[in-house]
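Chemist: Would you mind keeping the following structure in view while I ask a few things?
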Amino acid sequence: MAGEAPVAAAAAATTTTTKTTTTGSIESHKKNRIQVSNTKKPLFFYVNLAKRYIQQHNEVELSALGMAITTVVTIAEILKNNGLATEKKVLTSTVGMKDENKGRFIQKAKVGLSIQLVNMLANVLTT
(Lines give C-alpha, C1' and ligand atoms only; values in the text may rest on other atoms or scores of the structure.)
Protein backbone atom coordinates (compact mmCIF):
# COMPACT_ATOMS: atom_id res chain seq x y z
CA MET A 1 0.00 0.00 0.00
CA ALA A 2 1.09 3.56 -0.60
CA GLY A 3 0.83 4.57 3.08
CA GLU A 4 3.13 1.82 4.34
CA ALA A 5 6.43 3.32 3.15
CA PRO A 6 6.40 6.33 5.54
CA VAL A 7 5.26 4.08 8.40
CA ALA A 8 8.11 1.66 7.71
CA ALA A 9 10.57 4.55 7.58
CA ALA A 10 9.15 5.90 10.84
CA ALA A 11 9.50 2.49 12.45
CA ALA A 12 13.12 2.33 11.32
CA ALA A 13 13.72 5.78 12.78
CA THR A 14 12.39 4.74 16.20
CA THR A 15 14.83 1.88 16.69
CA THR A 16 17.12 2.46 19.65
CA THR A 17 20.76 1.80 18.80
CA THR A 18 24.17 2.73 20.06
CA LYS A 19 27.15 3.69 17.92
CA THR A 20 30.70 4.75 18.58
CA THR A 21 31.81 7.95 16.84
CA THR A 22 35.29 8.60 15.45
CA THR A 23 36.14 10.46 18.66
CA GLY A 24 35.33 7.34 20.68
CA SER A 25 32.20 8.71 22.35
CA ILE A 26 29.08 6.59 22.45
CA GLU A 27 25.84 8.06 21.17
CA SER A 28 22.55 6.50 22.17
CA HIS A 29 19.74 7.07 19.70
CA LYS A 30 16.52 7.86 21.53
CA LYS A 31 13.12 6.70 20.38
CA ASN A 32 12.00 10.28 19.86
CA ARG A 33 15.02 11.43 17.79
CA ILE A 34 14.80 12.11 14.07
CA GLN A 35 18.05 12.33 12.14
CA VAL A 36 17.29 14.71 9.31
CA SER A 37 18.89 14.60 5.86
CA ASN A 38 18.35 17.21 3.19
CA THR A 39 18.84 14.67 0.40
CA LYS A 40 17.03 11.48 1.44
CA LYS A 41 13.45 12.56 2.17
CA PRO A 42 11.32 15.62 1.37
CA LEU A 43 10.86 18.34 3.98
CA PHE A 44 7.24 17.53 4.78
CA PHE A 45 8.06 13.88 5.42
CA TYR A 46 10.10 15.09 8.40
CA VAL A 47 7.45 17.65 9.41
CA ASN A 48 4.74 14.97 9.51
CA LEU A 49 7.05 12.52 11.28
CA ALA A 50 7.92 15.16 13.89
CA LYS A 51 4.19 15.86 14.43
CA ARG A 52 3.59 12.16 15.04
CA TYR A 53 6.55 11.90 17.46
CA ILE A 54 5.36 14.97 19.40
CA GLN A 55 1.91 13.43 19.75
CA GLN A 56 3.38 10.10 20.92
CA HIS A 57 6.20 11.34 23.17
CA ASN A 58 5.24 15.01 23.89
CA GLU A 59 8.76 15.88 22.70
CA VAL A 60 10.98 15.24 19.70
CA GLU A 61 14.67 15.80 19.07
CA LEU A 62 15.67 16.80 15.56
CA SER A 63 19.30 16.14 14.71
CA ALA A 64 21.33 17.07 11.61
CA LEU A 65 24.85 17.47 10.26
CA GLY A 66 26.22 20.11 7.90
CA MET A 67 23.89 21.32 5.17
CA ALA A 68 20.87 19.55 6.71
CA ILE A 69 20.90 21.97 9.68
CA THR A 70 18.76 24.46 7.74
CA THR A 71 16.19 21.71 7.19
CA VAL A 72 15.97 21.09 10.96
CA VAL A 73 15.45 24.80 11.61
CA THR A 74 12.74 24.95 8.93
CA ILE A 75 10.93 21.95 10.44
CA ALA A 76 11.01 23.51 13.89
CA GLU A 77 9.75 26.85 12.56
CA ILE A 78 6.86 25.17 10.71
CA LEU A 79 5.82 23.36 13.90
CA LYS A 80 6.13 26.56 15.95
CA ASN A 81 4.19 28.67 13.45
CA ASN A 82 1.39 26.08 13.40
CA GLY A 83 1.17 26.34 17.20
CA LEU A 84 2.15 22.70 17.73
CA ALA A 85 5.51 23.03 19.45
CA THR A 86 7.94 25.24 21.31
CA GLU A 87 11.72 25.04 21.53
CA LYS A 88 13.05 23.28 24.57
CA LYS A 89 16.78 22.98 23.94
CA VAL A 90 19.33 23.70 21.21
CA LEU A 91 22.64 21.85 21.14
CA THR A 92 25.48 22.65 18.75
CA SER A 93 28.80 20.89 18.24
CA THR A 94 31.26 19.70 15.65
CA VAL A 95 31.80 16.09 14.68
CA GLY A 96 34.96 14.68 13.17
CA MET A 97 34.52 12.32 10.24
CA LYS A 98 36.28 11.05 7.17
CA ASP A 99 35.37 12.77 3.88
CA GLU A 100 34.16 10.05 1.50
CA ASN A 101 35.33 11.88 -1.63
CA LYS A 102 38.77 13.08 -0.56
CA GLY A 103 39.55 10.49 2.12
CA ARG A 104 40.67 13.06 4.68
CA PHE A 105 39.46 13.87 8.19
CA ILE A 106 37.02 16.83 8.35
CA GLN A 107 34.92 18.61 10.97
CA LYS A 108 31.17 18.98 10.37
CA ALA A 109 28.72 21.17 12.25
CA LYS A 110 26.05 19.28 14.19
CA VAL A 111 22.82 20.59 15.69
CA GLY A 112 20.31 18.96 17.99
CA LEU A 113 17.03 20.79 18.46
CA SER A 114 14.62 19.55 21.09
CA ILE A 115 11.03 20.72 20.73
CA GLN A 116 8.06 19.94 22.91
CA LEU A 117 4.30 19.84 22.56
CA VAL A 118 2.58 23.13 23.24
CA ASN A 119 0.26 23.01 26.21
CA MET A 120 -3.01 23.74 24.42
CA LEU A 121 -4.85 24.72 27.62
CA ALA A 122 -2.18 27.33 28.38
CA ASN A 123 -2.54 28.71 24.84
CA VAL A 124 -6.31 29.04 25.23
CA LEU A 125 -5.99 30.79 28.58
CA THR A 126 -3.42 33.32 27.35
CA THR A 127 -5.29 34.35 24.20
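By order in the C-alpha coordinates, chains are A, B, ...; within a chain, residues start at 1; ligands start at 1, following the order shown.
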Report as a list in words all protein, DNA and RNA residues lying within 10 Å of Gln56 in chain A, evaluated on only C-alpha atoms, omitting residues in the same chain fewer than 4 positions from it.

Modeler: Asn32, Ala50, Lys51, Arg52, Val60 and Leu117 of chain A

Chemist: Just the number, please: distance in Å from CA of Asn48 in chain A to CA of Val118 in chain A, one decimal.

Modeler: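 The value is 16.1 Å.
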
Chemist: Just give me the gap between CA of Arg33 in chain A and CA of Thr70 in chain A in Å, one decimal is fine.

Modeler: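 According to the coordinates, CA of Arg33 in chain A and CA of Thr70 in chain A are separated by 16.9 Å.
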
Chemist: Mind pulling up the distance from CA of Thr94 in chain A to CA of Lys108 in chain A?

Modeler: 5.3 Å

Chemist: Using only C-alpha atoms, pick whichever of A:Lys89, A:Ser37, A:Lys31, A:Leu79 has the shortest atom-to-atom distance to His57 in chain A.

Modeler: A:Lys31

Chemist: Can you pull out the residues contacting Gln35 in chain A? Cut-off 7 Å, using only C-alpha atoms, and skip same-chain residues under 3 positions away; I want them as a list in words.

Modeler: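 With the cut-off at 7 Å, the set is Leu62, Ser63 and Ala64 of chain A.
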
Chemist: Which residues are close to Val90 in chain A, i.e. within 8 Å by only C-alpha atoms, leaving aside same-chain residues fewer than 3 positions away? Reply as a list in words.

Modeler: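 Near neighbours after the sequence-gap exclusion: Glu87, Val111, Gly112, Leu113 and Ser114 of chain A.
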
Chemist: Just write the chosen residues, N, CA, C and O atoms, as a PDB file, in the first residue's frame.

Modeler:
```
ATOM      1  N   GLU A  87      10.348  25.512  21.361  1.00  0.00           N
ATOM      2  CA  GLU A  87      11.719  25.041  21.530  1.00  0.00           C
ATOM      3  C   GLU A  87      11.962  24.706  22.988  1.00  0.00           C
ATOM      4  O   GLU A  87      11.514  25.420  23.875  1.00  0.00           O
ATOM      5  N   VAL A 111      23.807  19.915  14.857  1.00  0.00           N
ATOM      6  CA  VAL A 111      22.819  20.591  15.691  1.00  0.00           C
ATOM      7  C   VAL A 111      21.805  19.564  16.183  1.00  0.00           C
ATOM      8  O   VAL A 111      21.465  18.620  15.482  1.00  0.00           O
ATOM      9  N   GLY A 112      21.388  19.751  17.408  1.00  0.00           N
ATOM     10  CA  GLY A 112      20.307  18.965  17.992  1.00  0.00           C
ATOM     11  C   GLY A 112      19.289  19.945  18.530  1.00  0.00           C
ATOM     12  O   GLY A 112      19.622  20.809  19.341  1.00  0.00           O
ATOM     13  N   LEU A 113      18.074  19.862  18.061  1.00  0.00           N
ATOM     14  CA  LEU A 113      17.029  20.789  18.458  1.00  0.00           C
ATOM     15  C   LEU A 113      15.916  19.987  19.106  1.00  0.00           C
ATOM     16  O   LEU A 113      15.323  19.120  18.473  1.00  0.00           O
ATOM     17  N   SER A 114      15.668  20.248  20.364  1.00  0.00           N
ATOM     18  CA  SER A 114      14.618  19.548  21.089  1.00  0.00           C
ATOM     19  C   SER A 114      13.400  20.459  21.161  1.00  0.00           C
ATOM     20  O   SER A 114      13.504  21.602  21.590  1.00  0.00           O
TER      21      SER A 114
END
```

Chemist: Considering only C-alpha atoms, can you say which of A:Phe44, A:Leu91, A:Glu61, A:Glu100 comes closest to Thr74 in chain A?

Modeler: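 Selected residue with least distance to Thr74 in chain A: A:Phe44.
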